[in-house]
Amino acid sequence: MSSKQARVPRPLKKAEFDIRFGTNQAKRGWQDLLATKRNAIVDAWDFLARNPSEESSTNHRLKGELATVSREGRSHDRWQYELPGGARIWFYIGGKTVHLIDAHTHHPNETK
């Protein structure tokens, strides 16, 4: 592909969070969500890049056994972003990075 046809990556503002896949499942789930809920995923990306720790009706910490996730010897709050139709994105925040750890195309059984 010539450089004039190469895709331009979305730049981040200095105050925005970087979003990365924390698991292979999250990457596969994200691709499935892109195929079925593209507009909702774009809205989710914008929200997670700007204010992933803002509690709202669609974004909140998980509770009980799902409340935390351990990565590299550290414990992090596990968050859930809710998309229309029951789809969910689970993530944790480390510094200025949002780590996607699960992406569900439907309501996960663990939170029913």
# chains A, B, ... in the order shown; residues from 1 in each chain; ligands from 1
$ select_by_dssp --residues "stretch 27-112 of chain A" --states "helix (DSSP H, G or I)" --output "ChimeraX atom specification"
/A:27-36,38-50,64-66,84-86,109-111
$ residues_around --residues "A:Asn59" --least-positions-apart "6" --cutoff "8 Å" --atoms "only C-alpha atoms" --output "ChimeraX atom specification"
/A:52-53,79-82
$ select_by_dssp --residues "stretch 1-30 of chain A" --states "strand (DSSP E or B)" --output "number ranges by chain"
A: 18-21
$ residues_around --residues "A:Thr36" --least-positions-apart "2" --cutoff "12 Å" --atoms "only C-alpha atoms" --output "count of residues only"
18
$ decode --residues "stretch 45-91 of chain A" --atoms "N, CA and C atoms" --output "compact mmCIF listing (two decimals), in the first residue's frame"
# COMPACT_ATOMS: atom_id res chain seq x y z
N TRP A 45 -15.32 4.09 22.45
CA TRP A 45 -13.92 4.51 22.34
C TRP A 45 -13.76 5.95 22.83
N ASP A 46 -14.62 6.83 22.33
CA ASP A 46 -14.54 8.24 22.72
C ASP A 46 -14.69 8.40 24.22
N PHE A 47 -15.65 7.70 24.82
CA PHE A 47 -15.88 7.79 26.26
C PHE A 47 -14.66 7.26 27.02
N LEU A 48 -14.18 6.08 26.65
CA LEU A 48 -13.07 5.46 27.38
C LEU A 48 -11.78 6.24 27.22
N ALA A 49 -11.59 6.90 26.10
CA ALA A 49 -10.38 7.70 25.90
C ALA A 49 -10.42 8.99 26.72
N ARG A 50 -11.62 9.49 26.98
CA ARG A 50 -11.74 10.78 27.67
C ARG A 50 -11.92 10.66 29.18
N ASN A 51 -12.82 9.80 29.62
CA ASN A 51 -13.12 9.74 31.06
C ASN A 51 -13.57 8.34 31.49
N PRO A 52 -12.67 7.35 31.44
CA PRO A 52 -13.06 5.97 31.73
C PRO A 52 -13.47 5.72 33.18
N SER A 53 -13.10 6.59 34.09
CA SER A 53 -13.46 6.37 35.50
C SER A 53 -14.68 7.18 35.94
N GLU A 54 -15.39 7.74 34.98
CA GLU A 54 -16.61 8.48 35.31
C GLU A 54 -17.76 7.48 35.46
N GLU A 55 -18.35 7.48 36.65
CA GLU A 55 -19.48 6.59 36.91
C GLU A 55 -20.72 7.15 36.21
N SER A 56 -21.45 6.26 35.53
CA SER A 56 -22.68 6.66 34.87
C SER A 56 -23.59 5.43 34.76
N SER A 57 -24.72 5.60 34.13
CA SER A 57 -25.63 4.47 33.97
C SER A 57 -25.04 3.41 33.02
N THR A 58 -24.12 3.80 32.18
CA THR A 58 -23.52 2.84 31.25
C THR A 58 -22.08 2.48 31.59
N ASN A 59 -21.48 3.14 32.56
CA ASN A 59 -20.09 2.87 32.93
C ASN A 59 -19.96 2.83 34.44
N HIS A 60 -19.52 1.69 34.96
CA HIS A 60 -19.42 1.55 36.41
C HIS A 60 -18.47 0.43 36.78
N ARG A 61 -18.05 0.44 38.05
CA ARG A 61 -17.21 -0.64 38.57
C ARG A 61 -18.06 -1.88 38.75
N LEU A 62 -17.45 -3.03 38.52
CA LEU A 62 -18.14 -4.28 38.80
C LEU A 62 -18.07 -4.56 40.29
N LYS A 63 -18.92 -5.45 40.78
CA LYS A 63 -19.03 -5.73 42.21
C LYS A 63 -18.71 -7.19 42.51
N GLY A 64 -18.56 -7.48 43.79
CA GLY A 64 -18.35 -8.85 44.24
C GLY A 64 -17.04 -9.44 43.73
N GLU A 65 -17.11 -10.71 43.33
CA GLU A 65 -15.91 -11.42 42.86
C GLU A 65 -15.32 -10.79 41.61
N LEU A 66 -16.12 -10.05 40.86
CA LEU A 66 -15.64 -9.43 39.62
C LEU A 66 -15.08 -8.02 39.83
N ALA A 67 -15.07 -7.55 41.07
CA ALA A 67 -14.72 -6.15 41.36
C ALA A 67 -13.27 -5.80 41.03
N THR A 68 -12.38 -6.77 41.12
CA THR A 68 -10.98 -6.48 40.87
C THR A 68 -10.37 -7.48 39.90
N VAL A 69 -9.28 -7.06 39.31
CA VAL A 69 -8.49 -7.92 38.43
C VAL A 69 -7.03 -7.71 38.80
N SER A 70 -6.26 -8.79 38.82
CA SER A 70 -4.84 -8.69 39.13
C SER A 70 -4.02 -8.81 37.86
N ARG A 71 -3.12 -7.88 37.67
CA ARG A 71 -2.22 -7.89 36.52
C ARG A 71 -0.83 -7.48 37.01
N GLU A 72 0.14 -8.32 36.68
CA GLU A 72 1.54 -8.05 37.02
C GLU A 72 1.70 -7.72 38.50
N GLY A 73 1.03 -8.51 39.35
CA GLY A 73 1.16 -8.36 40.79
C GLY A 73 0.42 -7.19 41.40
N ARG A 74 -0.38 -6.48 40.62
CA ARG A 74 -1.14 -5.35 41.13
C ARG A 74 -2.63 -5.60 40.96
N SER A 75 -3.40 -5.11 41.89
CA SER A 75 -4.85 -5.24 41.83
C SER A 75 -5.45 -3.94 41.29
N HIS A 76 -6.42 -4.09 40.38
CA HIS A 76 -7.07 -2.94 39.76
C HIS A 76 -8.58 -3.11 39.84
N ASP A 77 -9.30 -1.99 39.94
CA ASP A 77 -10.75 -2.04 39.84
C ASP A 77 -11.13 -2.49 38.44
N ARG A 78 -12.10 -3.40 38.34
CA ARG A 78 -12.60 -3.83 37.05
C ARG A 78 -13.86 -3.02 36.74
N TRP A 79 -13.89 -2.42 35.57
CA TRP A 79 -14.99 -1.57 35.14
C TRP A 79 -15.77 -2.26 34.03
N GLN A 80 -17.01 -1.82 33.86
CA GLN A 80 -17.86 -2.32 32.78
C GLN A 80 -18.49 -1.15 32.05
N TYR A 81 -18.32 -1.16 30.73
CA TYR A 81 -19.00 -0.19 29.88
C TYR A 81 -20.10 -0.96 29.15
N GLU A 82 -21.34 -0.48 29.26
CA GLU A 82 -22.49 -1.17 28.68
C GLU A 82 -22.86 -0.56 27.33
N LEU A 83 -23.03 -1.43 26.34
CA LEU A 83 -23.45 -1.02 25.01
C LEU A 83 -24.90 -1.45 24.81
N PRO A 84 -25.58 -0.88 23.84
CA PRO A 84 -26.96 -1.28 23.57
C PRO A 84 -27.07 -2.79 23.26
N GLY A 85 -28.19 -3.37 23.63
CA GLY A 85 -28.43 -4.78 23.32
C GLY A 85 -27.74 -5.75 24.25
N GLY A 86 -27.19 -5.27 25.36
CA GLY A 86 -26.56 -6.16 26.33
C GLY A 86 -25.07 -6.36 26.18
N ALA A 87 -24.47 -5.85 25.12
CA ALA A 87 -23.02 -6.00 24.93
C ALA A 87 -22.29 -5.26 26.04
N ARG A 88 -21.12 -5.76 26.40
CA ARG A 88 -20.34 -5.19 27.49
C ARG A 88 -18.86 -5.17 27.14
N ILE A 89 -18.16 -4.16 27.67
CA ILE A 89 -16.70 -4.09 27.60
C ILE A 89 -16.20 -4.02 29.04
N TRP A 90 -15.33 -4.95 29.40
CA TRP A 90 -14.72 -4.94 30.73
C TRP A 90 -13.29 -4.43 30.59
N PHE A 91 -12.88 -3.60 31.53
CA PHE A 91 -11.56 -3.00 31.45
C PHE A 91 -11.05 -2.60 32.82
